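Participant: Supplied in structure tokens, the structure appears directly below.
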Number of protein chains: 2
Amino acid sequence: MATIAQVAVKAGVSTATVSRALNKPEMVDAKTKAKVQEAVQSLGYRPNQVAQGLASRSSRTIGVVVNQFGSAYYGTMIDGAERALRKIGYKLIAESSGEAAEGERSAWQSLFDRQCEAVIVHSDALAEEELTGFMEKHPMSVLMNRHLPDYEDRCVYLDNIRGGALAAAHLVAKGHRKIATITGPFSYHEARDRLKGFEQQLAEAGIPLDPDLTAEGNFKDDMAFERMMALLNGPKEFTALFCQSDEMAAGAIEACRQKGLRIPDDISIIGFDDVDLARHLSPKLTTVRQPLREIGAAAGLLAHAVARKSPDIEGICRSFEAEVIERASVLDLNTGS
Amino acid sequence: MATIAQVAVKAGVSTATVSRALNKPEMVDAKTKAKVQEAVQSLGYRPNQVAQGLASRSSRTIGVVVNQFGSAYYGTMIDGAERALRKIGYKLIAESSGEAAEGERSAWQSLFDRQCEAVIVHSDALAEEELTGFMEKHPMSVLMNRHLPDYEDRCVYLDNIRGGALAAAHLVAKGHRKIATITGPFSYHEARDRLKGFEQQLAEAGIPLDPDLTAEGNFKDDMAFERMMALLNGPKEFTALFCQSDEMAAGAIEACRQKGLRIPDDISIIGFDDVDLARHLSPKLTTVRQPLREIGAAAGLLAHAVARKSPDIEGICRSFEAEVIERASVLDLNTGS
DNA sequence: TGCCTTGATGTAAGCGCTTACAAATGACAA
DNA sequence: TTGTCATTTGTAAGCGCTTACATCAAGGCA
């Protein structure tokens with residue numbers, strides 16, 4: 001690999017001039033610039049970006065930590081972040097936490113050790129209190145898809161309360177009154193918020209949330225399958241189900257199938273997320289869409305703005321709205337279709 | 001951020017000693033080590049890994065370029081690679097190519113500019129010839145899930161010929177004789193290989209591949225839907241279909257549904273990949289499994305071995321075998337179940 | 001002509017580390 | 001006592017860049 005020094009020798013100038021010719025072209029004479037260009041070409045010189053970063057104290061790198069990369073949920077957000085950052089010449093270093101609190105802590109720290117200018121964290125395992133501590137300790141961090149009131153301006157998040165309300169409103173509008181729900185784990189802020197919005201919206205329609213029809217899941221299909229089985233075997237009847245993730249909806253659908261129940265004829269189901277899976281399920285799943293790619297992109301931009309202490313922070317959308325995508329898994333009781 | 005110089009002052013030793021105390025503990029006296037440790041603690045010192053890398057000429061970073069991160073296919077491989085690398089203290093810099101040849105070229109180059117010790121490439125867009133050129137130009141590269149005969153020892157790949165054969169064998173064993181197939185794009189090596197294995201295996205059973213029952217898709221569901229519609233509307237009958245990706249199988253299933261055809265009663269379908277989607281489809285999809293996570297992990301390890309010029313290269317599994325996962329989308333014509 | 005600008009380039013000091021090599025210390029054998 | 005050797009530490013030269021500051025030549029102006 002050619003170095004700047006070799007280019008300088010070949011072009012007959014100092015390394016400072018080479019550096020300037022490349023980075024601040026307006027400061028150097030046209031003829032000199034030409035000589036430098038030629039030397040660069042003939043040596044195939046490419047600046048060592050790590051050395052540049054060390055000297056200029058800017059790595060142009062953002063870190064991201066998520067549970068794992070294999071699921072569409074995380075993958076889509078990361079994709080959004082990476083594309084947004086790549087456009088402005090930034091790179092993404094990705095680390096997975098292995099779904100453990102200790103993994104989140106160490107990944108967070110180690111990304112800074114790698115001189116990431118900022119890091120994007122999707123925390124699942126850290127309690128609110130510890131998270132707050134980290135946000136304070138690492139001011140160059142932003143939270144993705146989680147809302148921490150104390151650090152409002154460094155969070156990109158979905159309005160989960162409203163998301164939950166949307167699900168309830170949709171079901172109620174379709175004439176459902178007896179509604180069950182399988183939530184995410186209550187240790188997750190999102191799960192609590194979605195349930196809260198769901199409950200509030202039901203209340204507005206004069207329907208109290210029935211604890212017997214409320215089950216705590218873990219966003220995964222297997223557990224949702226079991227919960228749904230229990231609900232179906234329970235004494236209470238219901239015509240509709242709200243699952244806080246599409247994957248759980250898939251598990252619930254499977255349970256219905258095993259019990260010989262048809263969807264949406266016998267039971268209506270609405271999911272949450274709108275990952276690819278949703279439109280491949282049978283019937284196609286009506287769901288509450290999270291704009292994951294947009295959320296990821298916003299997190300990337302926010303991280304960049306925070307790192308650069310840019311005043312644009314205010315201009316970056318930090319709060320996103322969910323929307324219901326109507327497909328074929330909810331029956332309209334009013335019209336029967 | 002504290003620097004090594006500050007630690008040195010606080011501990012009353014030279015920076016060299018601090019460096020040694022931290023990286024080669026056996027070289028320094030126990031008492032000195034204790035003083036250093038204490039200074040490190042009290043200053044909260046953490047080594048700047050970028051500076052370490054510059055000085056020691058090793059970044060402990062591997063790059064990876066894929067089409068996009070949002071799909072389970074790429075996500076799972078990346079997950080495998082990241083976990084394998086994290087265990088040996090390496091980090092992953094991820095860049096997406098935006099599904100374009102130019103994106104692949106520039107990502108590849110730019111990851112080296114960031115001093116990645118090696119880069120893992122999942123090339124979709126580059127033709128074999130250009131790819132060979134890149135492998136020659138960048139010896140610290142490995143190919144993930146693609147097989148380039150000239151650089152056999154720097155490729156981690158699935159035996160796609162065998163994978164295609166497996167699909168054919170399964171269908172034939174179930175008594176199918178009239179078999180259609182929707183392939184990936186023929187510009188993809190994988191698609192050609194899978195078709196080749198498929199054809200060979202059929203030939204062994206005395207069944208010629210019928211061009212009228214062979215359609216070229218693009219691994220996506222939409223196009224598969226159209227291709228399947230055309231096949232169904234065509235003059236030739238068939239009892240089974242092999243799709244070269246699960247996503248295409250989902251599209252084909254949708255087409256059957258629209259035509260009022262039941263699966264597997266009227267038509268049997270076997271997919272390829274075994275991503276999460278497969279077990280959520282209805283009926284659950286019988287498919288040829290690619291061990292994506294293992295392939296990703298092997299690519300990570302191979303990249304590391306290549307970067308370190310380690311002789312272990314030979315010990316890393318580079319060729320993976322597919323396997324058929326039997327679920328519910330293929331009817332056994334022999335028994336009728 | 002002399003002085004001040006202005007623009008282009010070079011010099012050299014870092015950025016935060018590692019690592020040859022040199023130096024110092026003490027133990028030990030002759 | 002002296003020389004040898006092993007052990008521990010320090011000195012300083014990088015790694016490949018950027019950038020503040022110094023330098024220098026040329027042009028403008030009184």
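To be explicit about the labels: the chains of the structure tokens are called A, B, and onward in the order shown, and within each one the residues are counted from 1, while ligands get numbers from 1 in the order they are shown.
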Counting only C-alpha atoms (C1' of nucleotides), which residues in chain B sit no more than 8 Å from chain D? For each one, give the nearest pair of atoms and the distance in Å, sorted by chain then residue number, as a Markdown table.
Facilitator:
```
| residue | atom | partner | partner_atom | distance |
| --- | --- | --- | --- | --- |
| B:Ser14 | CA | D:DG10 | C1' | 6.6 |
| B:Ala16 | CA | D:DG10 | C1' | 7.7 |
| B:Thr17 | CA | D:DT9 | C1' | 7.0 |
| B:Met27 | CA | D:DT8 | C1' | 7.7 |
| B:Val28 | CA | D:DT8 | C1' | 6.6 |
| B:Asp29 | CA | D:DT8 | C1' | 6.9 |
| B:Leu54 | CA | D:DC15 | C1' | 5.2 |
| B:Ala55 | CA | D:DC15 | C1' | 4.6 |
| B:Ser56 | CA | D:DC15 | C1' | 7.3 |
| B:Arg57 | CA | D:DC15 | C1' | 7.2 |
```
Participant: Considering only C-alpha atoms (C1' of nucleotides), extract the chain C residues located within 9 Å of chain A and return them as an MDAnalysis selection string.
Facilitator: chainID C and resid 7:10 14:16
Participant: Hey, what does DSSP flag as strand (DSSP E or B) within range 121-309 of chain A? Can you give it to me as JSON, numbers by chain?
Facilitator: {"A": [121, 141, 142, 143, 144, 155, 156, 157, 158, 179, 180, 181, 182, 183, 214, 215, 216, 240, 241, 242, 243, 268, 269, 270, 271, 272, 273, 286, 287, 288, 289]}
Participant: Just to confirm, what's the straight-line distance from CA of Ala127 in chain B to CA of Leu241 in chain B in Å (one decimal)?
Facilitator: 28.7 Å
Participant: Considering only C-alpha atoms, extract the chain B residues located within 6 Å of chain A and return them as a list in words.
Facilitator: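 Matching residues, ligands excluded from the count: Asn48, Gln49, Val50, Phe69, Gly70, Ser71, Ala72, Gly75, Thr76, Asp79, Leu92, Ile93, Asp113, Arg114 and Leu281 of chain B.
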Participant: Write to file, as a short mmCIF file (atom, residue, chain, number, x, y, z; two decimals), in the first residue's frame, the residues of the selection just made, with N, CA and C atoms.
Facilitator:
```cif
data_model
loop_
_atom_site.label_atom_id
_atom_site.label_comp_id
_atom_site.auth_asym_id
_atom_site.auth_seq_id
_atom_site.Cartn_x
_atom_site.Cartn_y
_atom_site.Cartn_z
N ASN B 48 -7.32 3.33 23.15
CA ASN B 48 -7.92 3.72 21.88
C ASN B 48 -7.53 2.65 20.86
N GLN B 49 -8.52 1.87 20.47
CA GLN B 49 -8.21 0.73 19.62
C GLN B 49 -7.80 1.12 18.22
N VAL B 50 -8.20 2.30 17.81
CA VAL B 50 -7.80 2.75 16.48
C VAL B 50 -6.30 3.08 16.49
N PHE B 69 -29.43 -5.55 4.44
CA PHE B 69 -29.48 -6.26 5.72
C PHE B 69 -30.87 -6.69 6.11
N GLY B 70 -31.85 -6.17 5.40
CA GLY B 70 -33.23 -6.35 5.84
C GLY B 70 -33.81 -7.74 5.68
N SER B 71 -33.20 -8.57 4.87
CA SER B 71 -33.82 -9.87 4.68
C SER B 71 -33.18 -10.93 5.56
N ALA B 72 -33.98 -11.91 5.90
CA ALA B 72 -33.52 -12.96 6.80
C ALA B 72 -32.32 -13.69 6.19
N GLY B 75 -29.33 -11.42 6.74
CA GLY B 75 -29.23 -11.17 8.18
C GLY B 75 -28.69 -12.37 8.94
N THR B 76 -29.16 -13.54 8.57
CA THR B 76 -28.73 -14.73 9.29
C THR B 76 -27.25 -15.02 9.05
N ASP B 79 -25.27 -12.52 11.01
CA ASP B 79 -25.35 -12.85 12.43
C ASP B 79 -24.32 -13.93 12.76
N LEU B 92 -17.05 -6.33 13.15
CA LEU B 92 -17.56 -6.38 11.79
C LEU B 92 -17.99 -5.00 11.33
N ILE B 93 -17.48 -4.57 10.19
CA ILE B 93 -18.01 -3.36 9.59
C ILE B 93 -18.87 -3.81 8.43
N ASP B 113 -10.12 0.58 2.68
CA ASP B 113 -9.64 1.90 3.05
C ASP B 113 -9.79 2.12 4.56
N ARG B 114 -10.78 1.44 5.13
CA ARG B 114 -10.98 1.53 6.58
C ARG B 114 -10.08 0.54 7.31
N LEU B 281 -45.52 -20.43 6.66
CA LEU B 281 -46.43 -20.49 5.52
C LEU B 281 -47.50 -21.55 5.79
#
```
Participant: Here's a check: after a least-squares fit over all in-order C-alpha atoms, write chain A in the frame of chain B, as a compact mmCIF listing (two decimals) with C-alpha atoms, in the first residue's frame.
Facilitator:
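The result, written out as selection-v1.txt:
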```txt
# COMPACT_ATOMS: atom_id res chain seq x y z
CA MET A 1 -10.82 10.44 27.50
CA ALA A 2 -7.72 9.49 29.32
CA THR A 3 -4.66 8.64 27.26
CA ILE A 4 -1.83 6.26 27.93
CA ALA A 5 0.40 9.23 28.67
CA GLN A 6 -1.81 10.36 31.52
CA VAL A 7 -1.83 6.87 32.95
CA ALA A 8 1.95 6.82 32.72
CA VAL A 9 2.30 10.08 34.62
CA LYS A 10 -0.14 9.01 37.30
CA ALA A 11 1.60 5.67 37.76
CA GLY A 12 5.04 7.27 37.66
CA VAL A 13 6.29 5.12 34.79
CA SER A 14 6.82 5.51 31.06
CA THR A 15 4.13 4.94 28.46
CA ALA A 16 6.04 1.92 27.24
CA THR A 17 5.67 0.32 30.62
CA VAL A 18 1.98 1.03 30.72
CA SER A 19 1.58 -0.50 27.30
CA ARG A 20 3.51 -3.57 28.39
CA ALA A 21 1.67 -3.90 31.67
CA LEU A 22 -1.56 -4.04 29.71
CA ASN A 23 -0.56 -6.15 26.76
CA LYS A 24 2.38 -8.27 27.88
CA PRO A 25 1.91 -8.59 31.65
CA GLU A 26 4.65 -11.20 31.99
CA MET A 27 7.24 -8.63 31.03
CA VAL A 28 6.62 -6.30 33.92
CA ASP A 29 7.25 -6.44 37.63
CA ALA A 30 4.26 -7.21 39.85
CA LYS A 31 4.58 -4.01 41.83
CA THR A 32 4.75 -1.85 38.73
CA LYS A 33 1.80 -3.68 37.31
CA ALA A 34 -0.19 -2.87 40.43
CA LYS A 35 0.63 0.81 40.16
CA VAL A 36 -0.42 0.83 36.55
CA GLN A 37 -3.65 -0.98 37.28
CA GLU A 38 -4.52 1.54 39.89
CA ALA A 39 -3.86 4.46 37.62
CA VAL A 40 -5.94 2.82 34.90
CA GLN A 41 -8.80 2.37 37.33
CA SER A 42 -8.78 5.80 38.76
CA LEU A 43 -8.64 7.47 35.37
CA GLY A 44 -11.10 5.11 33.78
CA TYR A 45 -8.57 4.59 31.03
CA ARG A 46 -9.53 2.54 27.98
CA PRO A 47 -7.07 2.01 25.16
CA ASN A 48 -7.91 3.70 21.90
CA GLN A 49 -8.21 0.72 19.64
CA VAL A 50 -7.79 2.73 16.49
CA ALA A 51 -4.45 4.08 17.67
CA GLN A 52 -3.45 0.60 18.76
CA GLY A 53 -4.33 -0.64 15.33
CA LEU A 54 -2.31 2.03 13.58
CA ALA A 55 0.74 1.36 15.68
CA SER A 56 0.51 -2.39 15.55
CA ARG A 57 -0.74 -2.59 12.01
CA SER A 58 -3.72 -4.71 12.89
CA SER A 59 -7.23 -3.37 13.07
CA ARG A 60 -8.97 -6.50 14.31
CA THR A 61 -11.80 -5.62 12.02
CA ILE A 62 -13.38 -7.57 9.19
CA GLY A 63 -15.65 -6.01 6.61
CA VAL A 64 -18.70 -7.51 5.03
CA VAL A 65 -20.65 -6.45 1.98
CA VAL A 66 -24.06 -7.77 1.13
CA ASN A 67 -27.00 -6.58 -0.91
CA GLN A 68 -29.01 -5.39 2.05
CA PHE A 69 -29.50 -6.24 5.69
CA GLY A 70 -33.24 -6.34 5.81
CA SER A 71 -33.82 -9.86 4.64
CA ALA A 72 -33.50 -12.94 6.76
CA TYR A 73 -31.23 -14.52 4.19
CA TYR A 74 -28.45 -11.97 4.55
CA GLY A 75 -29.22 -11.18 8.14
CA THR A 76 -28.73 -14.73 9.26
CA MET A 77 -25.37 -15.06 7.56
CA ILE A 78 -24.18 -11.78 9.00
CA ASP A 79 -25.34 -12.84 12.40
CA GLY A 80 -23.29 -16.01 12.12
CA ALA A 81 -20.23 -14.09 11.01
CA GLU A 82 -20.50 -11.43 13.67
CA ARG A 83 -20.87 -13.90 16.52
CA ALA A 84 -17.95 -15.97 15.35
CA LEU A 85 -15.74 -12.91 15.02
CA ARG A 86 -16.80 -11.32 18.26
CA LYS A 87 -15.64 -14.43 20.09
CA ILE A 88 -12.11 -13.83 18.86
CA GLY A 89 -12.12 -10.12 19.55
CA TYR A 90 -12.87 -8.99 16.03
CA LYS A 91 -15.45 -6.52 14.87
CA LEU A 92 -17.58 -6.40 11.78
CA ILE A 93 -18.02 -3.34 9.60
CA ALA A 94 -21.05 -3.85 7.44
CA GLU A 95 -21.80 -2.15 4.19
CA SER A 96 -24.65 -2.81 1.82
CA SER A 97 -24.20 -2.61 -1.90
CA GLY A 98 -27.69 -1.38 -2.65
CA GLU A 99 -28.13 -4.31 -5.01
CA ALA A 100 -25.92 -2.82 -7.69
CA ALA A 101 -22.58 -3.81 -9.20
CA GLU A 102 -21.15 -0.36 -8.61
CA GLY A 103 -22.19 -0.60 -4.98
CA GLU A 104 -20.34 -3.87 -4.58
CA ARG A 105 -17.19 -2.49 -6.12
CA SER A 106 -17.11 0.65 -4.03
CA ALA A 107 -18.06 -1.05 -0.78
CA TRP A 108 -15.34 -3.64 -1.27
CA GLN A 109 -12.71 -1.01 -1.84
CA SER A 110 -13.87 1.33 0.87
CA LEU A 111 -13.81 -1.35 3.52
CA PHE A 112 -10.14 -1.83 2.83
CA ASP A 113 -9.64 1.91 3.05
CA ARG A 114 -10.98 1.53 6.57
CA GLN A 115 -8.19 -0.94 7.21
CA CYS A 116 -10.32 -4.03 7.48
CA GLU A 117 -7.90 -6.91 7.67
CA ALA A 118 -10.10 -8.88 5.34
CA VAL A 119 -13.50 -8.51 3.75
CA ILE A 120 -16.30 -10.94 3.25
CA VAL A 121 -18.23 -10.40 0.06
CA HIS A 122 -21.58 -11.80 -0.90
CA SER A 123 -21.56 -10.82 -4.52
CA ASP A 124 -24.78 -10.89 -6.43
CA ALA A 125 -24.16 -8.40 -9.16
CA LEU A 126 -20.57 -9.00 -10.23
CA ALA A 127 -19.88 -11.29 -13.15
CA GLU A 128 -17.51 -14.18 -12.59
CA GLU A 129 -14.76 -12.55 -14.57
CA GLU A 130 -14.74 -9.29 -12.69
CA LEU A 131 -15.05 -11.14 -9.43
CA THR A 132 -11.96 -13.12 -10.26
CA GLY A 133 -10.14 -9.88 -10.92
CA PHE A 134 -11.15 -8.50 -7.54
CA MET A 135 -10.11 -11.64 -5.73
CA GLU A 136 -6.71 -11.33 -7.33
CA LYS A 137 -6.41 -7.62 -6.57
CA HIS A 138 -7.58 -8.03 -2.99
CA PRO A 139 -6.05 -11.20 -1.64
CA MET A 140 -7.57 -10.55 1.77
CA SER A 141 -11.07 -11.29 0.59
CA VAL A 142 -13.35 -14.23 0.94
CA LEU A 143 -16.51 -15.01 -0.94
CA MET A 144 -19.59 -15.96 1.00
CA ASN A 145 -22.07 -18.38 -0.49
CA ARG A 146 -20.51 -18.26 -3.88
CA HIS A 147 -18.06 -20.61 -5.45
CA LEU A 148 -15.26 -19.42 -7.68
CA PRO A 149 -13.21 -22.34 -8.91
CA ASP A 150 -10.05 -20.24 -9.29
CA TYR A 151 -10.14 -19.24 -5.65
CA GLU A 152 -11.56 -22.35 -4.10
CA ASP A 153 -9.78 -21.87 -0.79
CA ARG A 154 -11.23 -18.42 -0.24
CA CYS A 155 -14.83 -19.35 -0.79
CA VAL A 156 -17.43 -20.60 1.62
CA TYR A 157 -20.27 -22.09 -0.29
CA LEU A 158 -23.19 -24.40 -0.44
CA ASP A 159 -23.08 -27.29 -2.83
CA ASN A 160 -25.94 -25.97 -4.92
CA ILE A 161 -25.78 -28.76 -7.46
CA ARG A 162 -26.42 -31.21 -4.69
CA GLY A 163 -29.09 -28.94 -3.23
CA GLY A 164 -30.98 -28.95 -6.47
CA ALA A 165 -30.58 -32.72 -6.71
CA LEU A 166 -31.97 -33.14 -3.21
CA ALA A 167 -35.11 -31.29 -4.18
CA ALA A 168 -35.59 -33.46 -7.24
CA ALA A 169 -34.87 -36.65 -5.31
CA HIS A 170 -37.42 -35.76 -2.67
CA LEU A 171 -40.14 -35.06 -5.20
CA VAL A 172 -39.36 -38.19 -7.18
CA ALA A 173 -39.34 -40.31 -4.04
CA LYS A 174 -42.81 -39.02 -3.31
CA GLY A 175 -43.95 -40.31 -6.64
CA HIS A 176 -43.96 -37.11 -8.67
CA ARG A 177 -43.11 -37.29 -12.35
CA LYS A 178 -44.46 -34.07 -13.81
CA ILE A 179 -42.45 -31.41 -12.11
CA ALA A 180 -42.20 -27.69 -12.73
CA THR A 181 -39.56 -25.34 -11.41
CA ILE A 182 -39.08 -21.64 -10.89
CA THR A 183 -35.41 -20.78 -10.71
CA GLY A 184 -33.39 -17.80 -9.60
CA PRO A 185 -31.98 -15.50 -12.26
CA PHE A 186 -29.58 -17.34 -14.52
CA SER A 187 -27.04 -14.62 -14.09
CA TYR A 188 -26.64 -16.14 -10.63
CA HIS A 189 -24.34 -19.00 -10.42
CA GLU A 190 -26.47 -20.53 -7.63
CA ALA A 191 -29.51 -20.60 -9.84
CA ARG A 192 -27.67 -22.38 -12.60
CA ASP A 193 -26.17 -24.92 -10.25
CA ARG A 194 -29.41 -25.72 -8.52
CA LEU A 195 -31.09 -26.23 -11.84
CA LYS A 196 -28.23 -28.39 -13.02
CA GLY A 197 -28.41 -30.69 -10.01
CA PHE A 198 -32.17 -30.74 -10.30
CA GLU A 199 -32.00 -31.76 -13.94
CA GLN A 200 -29.34 -34.40 -13.37
CA GLN A 201 -31.29 -36.01 -10.59
CA LEU A 202 -34.46 -36.05 -12.65
CA ALA A 203 -32.53 -37.61 -15.49
CA GLU A 204 -31.42 -40.40 -13.21
CA ALA A 205 -35.06 -41.17 -12.62
CA GLY A 206 -35.61 -41.17 -16.35
CA ILE A 207 -37.42 -37.85 -16.35
CA PRO A 208 -36.26 -35.22 -18.81
CA LEU A 209 -36.42 -31.59 -17.72
CA ASP A 210 -39.32 -29.97 -19.52
CA PRO A 211 -38.43 -26.47 -20.76
CA ASP A 212 -42.13 -25.58 -20.78
CA LEU A 213 -42.25 -26.25 -17.09
CA THR A 214 -39.13 -24.27 -16.29
CA ALA A 215 -39.40 -20.57 -15.52
CA GLU A 216 -36.75 -18.06 -14.57
CA GLY A 217 -37.58 -15.97 -11.53
CA ASN A 218 -35.59 -13.53 -9.42
CA PHE A 219 -35.81 -15.08 -5.95
CA LYS A 220 -38.60 -12.66 -5.07
CA ASP A 221 -42.24 -13.51 -4.40
CA ASP A 222 -43.89 -11.13 -6.84
CA MET A 223 -42.21 -12.49 -9.90
CA ALA A 224 -42.72 -16.05 -8.73
CA PHE A 225 -46.42 -15.29 -8.45
CA GLU A 226 -46.53 -14.26 -12.09
CA ARG A 227 -44.45 -17.17 -13.28
CA MET A 228 -46.65 -19.58 -11.40
CA MET A 229 -49.76 -18.05 -12.88
CA ALA A 230 -48.30 -18.51 -16.35
CA LEU A 231 -47.37 -22.10 -15.58
CA LEU A 232 -50.84 -22.82 -14.26
CA ASN A 233 -52.49 -21.26 -17.28
CA GLY A 234 -50.16 -23.11 -19.62
CA PRO A 235 -51.08 -26.28 -21.49
CA LYS A 236 -48.84 -28.64 -19.53
CA GLU A 237 -49.96 -30.35 -16.37
CA PHE A 238 -47.72 -30.92 -13.38
CA THR A 239 -48.13 -32.23 -9.86
CA ALA A 240 -45.15 -30.61 -8.17
CA LEU A 241 -43.10 -27.43 -8.17
CA PHE A 242 -39.58 -26.70 -7.03
CA CYS A 243 -38.88 -23.07 -6.16
CA GLN A 244 -35.30 -21.97 -5.69
CA SER A 245 -36.19 -19.79 -2.71
CA ASP A 246 -38.77 -19.89 0.04
CA GLU A 247 -39.91 -16.43 -0.84
CA MET A 248 -40.69 -17.57 -4.37
CA ALA A 249 -42.54 -20.53 -2.91
CA ALA A 250 -44.68 -18.06 -0.99
CA GLY A 251 -45.49 -16.28 -4.22
CA ALA A 252 -46.33 -19.56 -5.92
CA ILE A 253 -48.58 -20.61 -3.07
CA GLU A 254 -50.45 -17.35 -3.40
CA ALA A 255 -50.94 -18.02 -7.10
CA CYS A 256 -52.35 -21.47 -6.33
CA ARG A 257 -54.69 -20.01 -3.79
CA GLN A 258 -56.02 -17.55 -6.32
CA LYS A 259 -56.62 -20.37 -8.78
CA GLY A 260 -58.40 -22.31 -6.09
CA LEU A 261 -55.77 -25.02 -5.98
CA ARG A 262 -55.02 -26.73 -2.69
CA ILE A 263 -51.53 -27.52 -1.48
CA PRO A 264 -50.40 -30.22 -1.31
CA ASP A 265 -53.57 -31.99 -2.52
CA ASP A 266 -53.62 -30.45 -5.96
CA ILE A 267 -50.03 -29.41 -6.21
CA SER A 268 -46.91 -30.05 -4.14
CA ILE A 269 -44.31 -27.37 -3.54
CA ILE A 270 -40.77 -27.56 -2.24
CA GLY A 271 -38.75 -24.44 -1.50
CA PHE A 272 -35.13 -23.57 -0.88
CA ASP A 273 -33.33 -21.76 1.98
CA ASP A 274 -35.40 -22.58 5.04
CA VAL A 275 -35.71 -19.07 6.36
CA ASP A 276 -38.22 -18.38 9.15
CA LEU A 277 -40.87 -17.72 6.60
CA ALA A 278 -40.93 -21.38 5.58
CA ARG A 279 -42.42 -22.67 8.77
CA HIS A 280 -44.97 -19.88 8.94
CA LEU A 281 -46.44 -20.47 5.52
CA SER A 282 -49.58 -22.42 5.20
CA PRO A 283 -49.15 -25.25 4.67
CA LYS A 284 -45.77 -25.34 6.35
CA LEU A 285 -43.25 -25.45 3.60
CA THR A 286 -41.11 -28.46 2.84
CA THR A 287 -37.81 -26.97 1.78
CA VAL A 288 -34.13 -27.48 1.16
CA ARG A 289 -32.26 -25.98 4.05
CA GLN A 290 -29.13 -23.91 3.64
CA PRO A 291 -27.18 -23.66 6.89
CA LEU A 292 -26.93 -19.89 6.60
CA ARG A 293 -25.71 -19.16 10.09
CA GLU A 294 -22.99 -21.78 9.79
CA ILE A 295 -21.99 -20.47 6.39
CA GLY A 296 -21.71 -16.96 7.82
CA ALA A 297 -19.67 -18.17 10.76
CA ALA A 298 -17.33 -20.09 8.50
CA ALA A 299 -16.90 -17.03 6.28
CA GLY A 300 -15.98 -14.99 9.35
CA LEU A 301 -13.44 -17.51 10.50
CA LEU A 302 -12.02 -17.95 7.04
CA ALA A 303 -11.65 -14.19 6.63
CA HIS A 304 -9.80 -14.08 9.92
CA ALA A 305 -7.54 -16.96 8.95
CA VAL A 306 -6.79 -15.38 5.60
CA ALA A 307 -5.99 -12.04 7.22
CA ARG A 308 -3.64 -13.70 9.66
CA LYS A 309 -2.22 -15.95 6.99
CA SER A 310 -3.01 -18.72 9.41
CA PRO A 311 -2.44 -22.28 8.34
CA ASP A 312 -5.81 -23.16 9.89
CA ILE A 313 -7.42 -22.27 6.61
CA GLU A 314 -7.46 -25.89 5.71
CA GLY A 315 -9.32 -26.73 8.88
CA ILE A 316 -12.24 -24.42 8.21
CA CYS A 317 -15.21 -26.03 6.57
CA ARG A 318 -15.72 -24.30 3.27
CA SER A 319 -18.24 -26.49 1.56
CA PHE A 320 -21.66 -26.98 3.07
CA GLU A 321 -24.36 -29.46 2.31
CA ALA A 322 -28.02 -28.66 1.99
CA GLU A 323 -30.62 -30.90 3.57
CA VAL A 324 -34.32 -31.30 2.97
CA ILE A 325 -36.63 -30.31 5.78
CA GLU A 326 -39.85 -32.16 5.37
CA ARG A 327 -42.97 -30.32 6.37
CA ALA A 328 -46.41 -30.29 4.86
CA SER A 329 -46.32 -28.92 1.35
CA VAL A 330 -45.45 -32.08 -0.54
CA LEU A 331 -47.97 -34.85 -1.11
CA ASP A 332 -46.81 -38.45 -1.21
CA LEU A 333 -48.41 -39.81 -4.36
CA ASN A 334 -47.47 -43.34 -3.40
CA THR A 335 -49.56 -43.35 -0.26
CA GLY A 336 -51.72 -40.37 -1.05
CA SER A 337 -50.85 -38.64 2.22
```
Participant: List every residue of range 6-80 of chain A that DSSP, applied to the backbone, labels as helix (DSSP H, G or I), and write the result as a PyMOL selection string.
Facilitator: chain A and resi 6-11+15-23+25-27+30-43+49-56+72-80
